[in-house]
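In what follows, a single structure is set out as C-alpha cells and then discussed.
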Number of protein chains: 2
Amino acid sequence: MSEILRQHIGKFVEISEEEFAAVLPYFRTAEIRKKENLLTEGQICKSNYFVLKGCLRKFFINKKGVEQTTEFAIETWWITDNISFEHQTKSEFYIQAVEPSTILIIDHDSQEKLLLQHPKMERYFRFIYQRAYAAAQMRIKYLFDYSKEEFYHSFNSSYPDFVQRIPQYLLASFLGFTPEYLSELRNKNRS
Amino acid sequence: MSEILRQHIGKFVEISEEEFAAVLPYFRTAEIRKKENLLTEGQICKSNYFVLKGCLRKFFINKKGVEQTTEFAIETWWITDNISFEHQTKSEFYIQAVEPSTILIIDHDSQEKLLLQHPKMERYFRFIYQRAYAAAQMRIKYLFDYSKEEFYHSFNSSYPDFVQRIPQYLLASFLGFTPEYLSELRNKNRS
C-alpha cells in the first residue's frame, strides 16, 4: 500500500523507485481500530499521519465538555497537531480513527532527518503545508461569511461522497451544528 | 532593509552572504501608501509579500457589503492569497496597507524559480507555511471555542503592542465585532 504515498509524492515532485525506496524506511505502517486514539489532549504529538485507507479526525473538548471536530483526513491526507508536533509541546487536541484505518506514521525526529537528507521531500512537504494553509484560510473565510446552512450546502456540493461516508453526528460537529439541526436541514432538502 | 529578510531566513536555515546575494534579486522593494491596495477581489494574486516595515491586512467584502479582515501582516510576516497565488486563479480577497509600508515583493514565477534553484529557500518556505498553517488551525479552534469577549482578551494578552498599534475598527473587524462592541469591552475593562 505504500504505492499510495509514492503516487502522492509524485504529484508534486519527480521521485524514482530508488529514491522512494530510500524514503520509505522513515515511515511505519499501522492498522488503527475504529475510535482508537492516536493522540490525546495533554500528550506531546510525536508523529505525523498519512492515511492510506480509512478516515481520521481531529477534535478538542470544548468548554461545554462536547467534542468539537475541526478536521478530517481521508485517503492521501496528512493529519497531525502541527503546533505540538513542531515544538514537541503538549497538545490541545485528540486524533481518532473514524473508520478502521491503515496509516503511515512518521515520527518528529524521523521527519526532520528525512527532510534534511532528501531535499525532494522538503519540496513535497512545502507543497503539503502550503495547500493545507490555503485550505485553512478559506475555512476561516467561510466561518465568518457563511451561515451554518450555507456552509452545509457548500460542503455538501464540494464533497458529496465524503458527506455520505462519515457518521452524521461527526459531520454536524465539524459544521458547528447540533445533530438535530443537521437532520432538520437534510429533511428540508429532501422535501 | 533587505537585511531584515536575511535575518528572518537565518532563523530557519543557514544562509551565507553569497547565497543571500544570489537570492535577493528575485525580490523587489516597494513603498506602499496607507490604504493602497496590493490585491483587489477578482484579480489574480501575482505576488507574495514580505513586510519590512509597516502593516498590511487581508480582507473580503462579506454578504452584507462589509469588509471582514481575516489576517494582518506586520514586520517579518508574509501575506498573500495562497489559493489565488498558487493556482493563478481569481482572488476573493483584498490586500491593503494599514500603515505606510515598505515591503519585498516576489512574483509567482520568480518564487517557483527561486525554490527550484535554491533548495535552502524551499526549506525556509516549508517552515513558513508549516507555521502559518499551525496558526490558522489554532485560529479555527478559537473561532469554535471562544466567545467574542474571550477571543479579544486572549488576543490582547498575546499581542498587546499590536492591539495598541492598529486602528480599532480594523481590530473589531478581525475579531468579528462591531466597533461599538469593542469600545464597550474596552470601557468595561478600564472600569
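Quick note on naming: the chains in the C-alpha cells go A, B, ... in the order shown, residues restart at 1 in each chain, and ligands are numbered from 1 in order of appearance.
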Compile the residues of chain B that lie within 8 Å of chain A, evaluated using only C-alpha atoms, and express the compilation as a PDB file with N, CA and C atoms, in the first residue's frame.
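See selection_27.pdb below for the written result:
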```
ATOM      1  N   ASN B  62     -18.014  40.955   2.803  1.00  0.00           N
ATOM      2  CA  ASN B  62     -18.984  39.894   3.107  1.00  0.00           C
ATOM      3  C   ASN B  62     -20.352  40.189   2.480  1.00  0.00           C
ATOM      4  N   LYS B  63     -21.272  39.259   2.703  1.00  0.00           N
ATOM      5  CA  LYS B  63     -22.564  39.358   2.008  1.00  0.00           C
ATOM      6  C   LYS B  63     -23.332  40.628   2.358  1.00  0.00           C
ATOM      7  N   GLN B  68     -14.526  42.346   5.949  1.00  0.00           N
ATOM      8  CA  GLN B  68     -14.193  41.416   7.029  1.00  0.00           C
ATOM      9  C   GLN B  68     -12.698  41.112   6.950  1.00  0.00           C
ATOM     10  N   THR B  70      -9.402  39.199   7.740  1.00  0.00           N
ATOM     11  CA  THR B  70      -9.097  37.831   8.183  1.00  0.00           C
ATOM     12  C   THR B  70      -7.649  37.678   8.628  1.00  0.00           C
ATOM     13  N   ASP B  81      -2.762  35.843  -1.027  1.00  0.00           N
ATOM     14  CA  ASP B  81      -3.905  34.932  -1.092  1.00  0.00           C
ATOM     15  C   ASP B  81      -3.356  33.630  -1.648  1.00  0.00           C
ATOM     16  N   ASN B  82      -3.144  32.650  -0.779  1.00  0.00           N
ATOM     17  CA  ASN B  82      -2.420  31.442  -1.174  1.00  0.00           C
ATOM     18  C   ASN B  82      -3.086  30.645  -2.287  1.00  0.00           C
ATOM     19  N   ILE B  83      -4.402  30.585  -2.287  1.00  0.00           N
ATOM     20  CA  ILE B  83      -5.082  29.802  -3.338  1.00  0.00           C
ATOM     21  C   ILE B  83      -4.910  30.484  -4.688  1.00  0.00           C
ATOM     22  N   PRO B 119      17.515  25.194  -2.940  1.00  0.00           N
ATOM     23  CA  PRO B 119      16.817  24.273  -2.034  1.00  0.00           C
ATOM     24  C   PRO B 119      16.710  24.793  -0.595  1.00  0.00           C
ATOM     25  N   GLU B 122      13.523  26.496  -0.347  1.00  0.00           N
ATOM     26  CA  GLU B 122      12.433  25.509  -0.252  1.00  0.00           C
ATOM     27  C   GLU B 122      12.217  25.150   1.226  1.00  0.00           C
ATOM     28  N   ARG B 123      13.334  24.921   1.922  1.00  0.00           N
ATOM     29  CA  ARG B 123      13.256  24.593   3.354  1.00  0.00           C
ATOM     30  C   ARG B 123      12.701  25.783   4.152  1.00  0.00           C
ATOM     31  N   PHE B 125      10.681  28.201   3.085  1.00  0.00           N
ATOM     32  CA  PHE B 125       9.239  28.361   2.852  1.00  0.00           C
ATOM     33  C   PHE B 125       8.437  27.185   3.435  1.00  0.00           C
ATOM     34  N   ARG B 126       9.054  25.999   3.504  1.00  0.00           N
ATOM     35  CA  ARG B 126       8.359  24.887   4.165  1.00  0.00           C
ATOM     36  C   ARG B 126       8.064  25.266   5.619  1.00  0.00           C
ATOM     37  N   PHE B 127       9.044  25.868   6.308  1.00  0.00           N
ATOM     38  CA  PHE B 127       8.829  26.318   7.686  1.00  0.00           C
ATOM     39  C   PHE B 127       7.761  27.421   7.743  1.00  0.00           C
ATOM     40  N   TYR B 129       5.240  28.058   5.720  1.00  0.00           N
ATOM     41  CA  TYR B 129       3.886  27.545   5.500  1.00  0.00           C
ATOM     42  C   TYR B 129       3.449  26.629   6.649  1.00  0.00           C
ATOM     43  N   GLN B 130       4.383  25.856   7.183  1.00  0.00           N
ATOM     44  CA  GLN B 130       4.050  24.951   8.290  1.00  0.00           C
ATOM     45  C   GLN B 130       3.562  25.757   9.500  1.00  0.00           C
ATOM     46  N   ARG B 131       4.271  26.825   9.816  1.00  0.00           N
ATOM     47  CA  ARG B 131       3.873  27.664  10.957  1.00  0.00           C
ATOM     48  C   ARG B 131       2.588  28.423  10.699  1.00  0.00           C
ATOM     49  N   ALA B 132       2.460  28.919   9.468  1.00  0.00           N
ATOM     50  CA  ALA B 132       1.238  29.663   9.128  1.00  0.00           C
ATOM     51  C   ALA B 132       0.029  28.731   9.204  1.00  0.00           C
ATOM     52  N   TYR B 133       0.227  27.496   8.757  1.00  0.00           N
ATOM     53  CA  TYR B 133      -0.857  26.505   8.812  1.00  0.00           C
ATOM     54  C   TYR B 133      -1.225  26.201  10.268  1.00  0.00           C
ATOM     55  N   ALA B 134      -0.213  26.015  11.097  1.00  0.00           N
ATOM     56  CA  ALA B 134      -0.463  25.733  12.516  1.00  0.00           C
ATOM     57  C   ALA B 134      -1.232  26.891  13.165  1.00  0.00           C
ATOM     58  N   ALA B 135      -0.836  28.122  12.838  1.00  0.00           N
ATOM     59  CA  ALA B 135      -1.523  29.295  13.402  1.00  0.00           C
ATOM     60  C   ALA B 135      -2.968  29.346  12.922  1.00  0.00           C
ATOM     61  N   ALA B 136      -3.198  29.021  11.650  1.00  0.00           N
ATOM     62  CA  ALA B 136      -4.569  29.042  11.112  1.00  0.00           C
ATOM     63  C   ALA B 136      -5.419  27.968  11.792  1.00  0.00           C
ATOM     64  N   GLN B 137      -4.807  26.825  12.096  1.00  0.00           N
ATOM     65  CA  GLN B 137      -5.555  25.766  12.788  1.00  0.00           C
ATOM     66  C   GLN B 137      -5.968  26.200  14.197  1.00  0.00           C
ATOM     67  N   ARG B 139      -6.439  29.302  15.045  1.00  0.00           N
ATOM     68  CA  ARG B 139      -7.469  30.325  14.824  1.00  0.00           C
ATOM     69  C   ARG B 139      -8.838  29.654  14.674  1.00  0.00           C
ATOM     70  N   ILE B 140      -8.882  28.556  13.923  1.00  0.00           N
ATOM     71  CA  ILE B 140     -10.134  27.825  13.721  1.00  0.00           C
ATOM     72  C   ILE B 140     -10.643  27.284  15.067  1.00  0.00           C
ATOM     73  N   LYS B 141      -9.724  26.749  15.870  1.00  0.00           N
ATOM     74  CA  LYS B 141     -10.123  26.254  17.199  1.00  0.00           C
ATOM     75  C   LYS B 141     -10.754  27.390  18.015  1.00  0.00           C
ATOM     76  N   LEU B 143     -12.142  30.133  16.925  1.00  0.00           N
ATOM     77  CA  LEU B 143     -13.427  30.564  16.354  1.00  0.00           C
ATOM     78  C   LEU B 143     -14.560  29.661  16.846  1.00  0.00           C
ATOM     79  N   PHE B 144     -14.246  28.388  17.076  1.00  0.00           N
ATOM     80  CA  PHE B 144     -15.263  27.473  17.607  1.00  0.00           C
ATOM     81  C   PHE B 144     -15.413  27.607  19.125  1.00  0.00           C
ATOM     82  N   ASP B 145     -14.295  27.797  19.811  1.00  0.00           N
ATOM     83  CA  ASP B 145     -14.295  27.578  21.263  1.00  0.00           C
ATOM     84  C   ASP B 145     -14.446  28.850  22.093  1.00  0.00           C
ATOM     85  N   GLY B 176     -14.316  39.942  14.655  1.00  0.00           N
ATOM     86  CA  GLY B 176     -15.717  39.645  14.361  1.00  0.00           C
ATOM     87  C   GLY B 176     -16.692  40.479  15.187  1.00  0.00           C
TER      88      GLY B 176
END
```
Expected answer as a VMD selection string: alpha helix (DSSP H) residues in range 33-154 of chain A: chain A and resid 82 to 87 108 to 117 119 to 145 148 to 154
Of the listed residues B:Glu112, B:Asp107, B:Glu75, B:Glu184, that which approaches Leu5 in chain B most closely, counting only C-alpha atoms: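 Counting only C-alpha atoms, the residue closest to Leu5 in chain B is B:Glu75.
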Residue neighbourhood Leu104 in chain A, 8 Å, only C-alpha atoms, exclusion window fewer than 2 positions, as a list in words: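 Using only C-alpha atoms, the neighbours found are Phe27, Arg28, Thr29, Ala30, Tyr49, Phe50, Val51, Leu52, Thr102 and Ile106 of chain A.
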Can I get the selection written as a PDB file, in the first residue's frame, with N, CA, C and O atoms?
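Saved file selection.pdb follows:
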```
ATOM      1  N   PHE A  27       9.156   5.694   7.477  1.00  0.00           N
ATOM      2  CA  PHE A  27       7.751   5.524   7.870  1.00  0.00           C
ATOM      3  C   PHE A  27       7.508   4.115   8.400  1.00  0.00           C
ATOM      4  O   PHE A  27       8.219   3.179   8.051  1.00  0.00           O
ATOM      5  N   ARG A  28       6.470   3.987   9.229  1.00  0.00           N
ATOM      6  CA  ARG A  28       5.983   2.650   9.569  1.00  0.00           C
ATOM      7  C   ARG A  28       4.474   2.616   9.319  1.00  0.00           C
ATOM      8  O   ARG A  28       3.785   3.648   9.398  1.00  0.00           O
ATOM      9  N   THR A  29       4.003   1.415   9.001  1.00  0.00           N
ATOM     10  CA  THR A  29       2.569   1.249   8.720  1.00  0.00           C
ATOM     11  C   THR A  29       1.865   0.824  10.008  1.00  0.00           C
ATOM     12  O   THR A  29       2.450   0.117  10.826  1.00  0.00           O
ATOM     13  N   ALA A  30       0.626   1.274  10.197  1.00  0.00           N
ATOM     14  CA  ALA A  30      -0.143   0.830  11.363  1.00  0.00           C
ATOM     15  C   ALA A  30      -1.608   0.635  10.977  1.00  0.00           C
ATOM     16  O   ALA A  30      -2.141   1.341  10.114  1.00  0.00           O
ATOM     17  N   TYR A  49       0.709  11.824  10.467  1.00  0.00           N
ATOM     18  CA  TYR A  49      -0.005  10.656   9.976  1.00  0.00           C
ATOM     19  C   TYR A  49      -0.486  10.868   8.537  1.00  0.00           C
ATOM     20  O   TYR A  49      -1.039  11.921   8.220  1.00  0.00           O
ATOM     21  N   PHE A  50      -0.279   9.844   7.712  1.00  0.00           N
ATOM     22  CA  PHE A  50      -0.724   9.873   6.310  1.00  0.00           C
ATOM     23  C   PHE A  50      -1.701   8.706   6.132  1.00  0.00           C
ATOM     24  O   PHE A  50      -1.352   7.549   6.391  1.00  0.00           O
ATOM     25  N   VAL A  51      -2.908   9.011   5.687  1.00  0.00           N
ATOM     26  CA  VAL A  51      -3.954   7.981   5.596  1.00  0.00           C
ATOM     27  C   VAL A  51      -3.844   7.213   4.274  1.00  0.00           C
ATOM     28  O   VAL A  51      -3.941   7.806   3.195  1.00  0.00           O
ATOM     29  N   LEU A  52      -3.618   5.913   4.366  1.00  0.00           N
ATOM     30  CA  LEU A  52      -3.606   5.041   3.183  1.00  0.00           C
ATOM     31  C   LEU A  52      -5.024   4.552   2.896  1.00  0.00           C
ATOM     32  O   LEU A  52      -5.436   4.438   1.736  1.00  0.00           O
ATOM     33  N   THR A 102      -5.801   2.232   7.788  1.00  0.00           N
ATOM     34  CA  THR A 102      -4.402   1.864   7.585  1.00  0.00           C
ATOM     35  C   THR A 102      -3.642   3.163   7.316  1.00  0.00           C
ATOM     36  O   THR A 102      -4.028   3.924   6.420  1.00  0.00           O
ATOM     37  N   ILE A 106       5.074   8.849  10.593  1.00  0.00           N
ATOM     38  CA  ILE A 106       6.464   9.300  10.636  1.00  0.00           C
ATOM     39  C   ILE A 106       6.641  10.127  11.906  1.00  0.00           C
ATOM     40  O   ILE A 106       5.843  11.029  12.193  1.00  0.00           O
TER      41      ILE A 106
END
```
Atomic separation - CA of Asn48 in chain A relative to CA of Ile105 in chain A, Å: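 About the pair CA of Ile105 in chain A and CA of Asn48 in chain A: they are 5.9 Å apart.
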Residues near Gln88 in chain B, cut-off 9 Å, only C-alpha atoms, skip fewer than 5 positions along chain, as a count of residues only: 5
Gap from CA of Ser158 in chain A to CA of Trp78 in chain A - Å, one decimal: 19.3 Å
10 Å contact set for Ile166 in chain B, only C-alpha atoms, chain neighbours under 4 positions out, as number ranges by chain: B: 55, 72, 98-99, 161-162, 170-171
Give me a file of those residues, with all heavy atoms, as a CSV table (one decimal), in the first residue's frame.
```
chain,number,residue,atom,x,y,z
B,55,CYS,N,2.4,47.6,8.0
B,55,CYS,CA,1.4,46.7,8.3
B,55,CYS,C,0.4,46.5,7.1
B,55,CYS,O,-0.1,47.5,6.6
B,55,CYS,CB,0.6,47.1,9.6
B,55,CYS,SG,-0.7,46.0,10.0
B,72,PHE,N,-3.7,39.9,9.4
B,72,PHE,CA,-2.7,41.1,9.4
B,72,PHE,C,-1.3,40.6,9.1
B,72,PHE,O,-1.0,39.4,9.4
B,72,PHE,CB,-2.7,41.8,10.7
B,72,PHE,CG,-4.0,42.6,11.0
B,72,PHE,CD1,-5.0,42.0,11.9
B,72,PHE,CD2,-4.2,43.8,10.5
B,72,PHE,CE1,-6.1,42.7,12.2
B,72,PHE,CE2,-5.4,44.5,10.7
B,72,PHE,CZ,-6.3,44.0,11.6
B,98,VAL,N,-2.3,49.0,5.9
B,98,VAL,CA,-3.0,49.6,7.1
B,98,VAL,C,-2.1,50.9,7.4
B,98,VAL,O,-2.7,51.9,7.9
B,98,VAL,CB,-3.0,48.6,8.3
B,98,VAL,CG1,-3.5,49.3,9.5
B,98,VAL,CG2,-3.8,47.4,7.9
B,99,GLU,N,-0.8,50.8,7.2
B,99,GLU,CA,0.1,51.9,7.5
B,99,GLU,C,1.0,52.1,6.2
B,99,GLU,O,1.1,51.2,5.4
B,99,GLU,CB,1.0,51.5,8.7
B,99,GLU,CG,0.4,51.1,9.9
B,99,GLU,CD,1.3,50.5,11.0
B,99,GLU,OE1,2.5,50.4,10.6
B,99,GLU,OE2,0.9,50.2,12.1
B,161,ASP,N,1.1,44.9,22.0
B,161,ASP,CA,1.6,46.0,21.2
B,161,ASP,C,0.8,46.2,19.9
B,161,ASP,O,0.5,47.3,19.5
B,161,ASP,CB,3.1,45.8,20.9
B,161,ASP,CG,4.0,45.8,22.1
B,161,ASP,OD1,3.5,46.3,23.1
B,161,ASP,OD2,5.1,45.3,22.1
B,162,PHE,N,0.5,45.0,19.3
B,162,PHE,CA,-0.2,45.0,18.1
B,162,PHE,C,-1.6,45.6,18.3
B,162,PHE,O,-2.1,46.4,17.4
B,162,PHE,CB,-0.3,43.6,17.5
B,162,PHE,CG,-0.9,43.5,16.2
B,162,PHE,CD1,-0.3,44.0,15.1
B,162,PHE,CD2,-2.2,42.9,16.1
B,162,PHE,CE1,-0.9,43.9,13.8
B,162,PHE,CE2,-2.8,42.8,14.8
B,162,PHE,CZ,-2.2,43.3,13.7
B,170,LEU,N,-10.5,48.2,12.6
B,170,LEU,CA,-9.9,47.0,12.0
B,170,LEU,C,-9.7,45.8,12.9
B,170,LEU,O,-10.0,44.7,12.6
B,170,LEU,CB,-8.5,47.3,11.3
B,170,LEU,CG,-8.6,48.3,10.2
B,170,LEU,CD1,-7.2,48.5,9.6
B,170,LEU,CD2,-9.5,47.8,9.1
B,171,LEU,N,-9.3,46.2,14.1
B,171,LEU,CA,-9.2,45.1,15.2
B,171,LEU,C,-10.6,44.5,15.4
B,171,LEU,O,-10.8,43.3,15.5
B,171,LEU,CB,-8.7,45.7,16.5
B,171,LEU,CG,-8.5,44.7,17.6
B,171,LEU,CD1,-7.5,43.6,17.3
B,171,LEU,CD2,-8.1,45.4,18.9
```
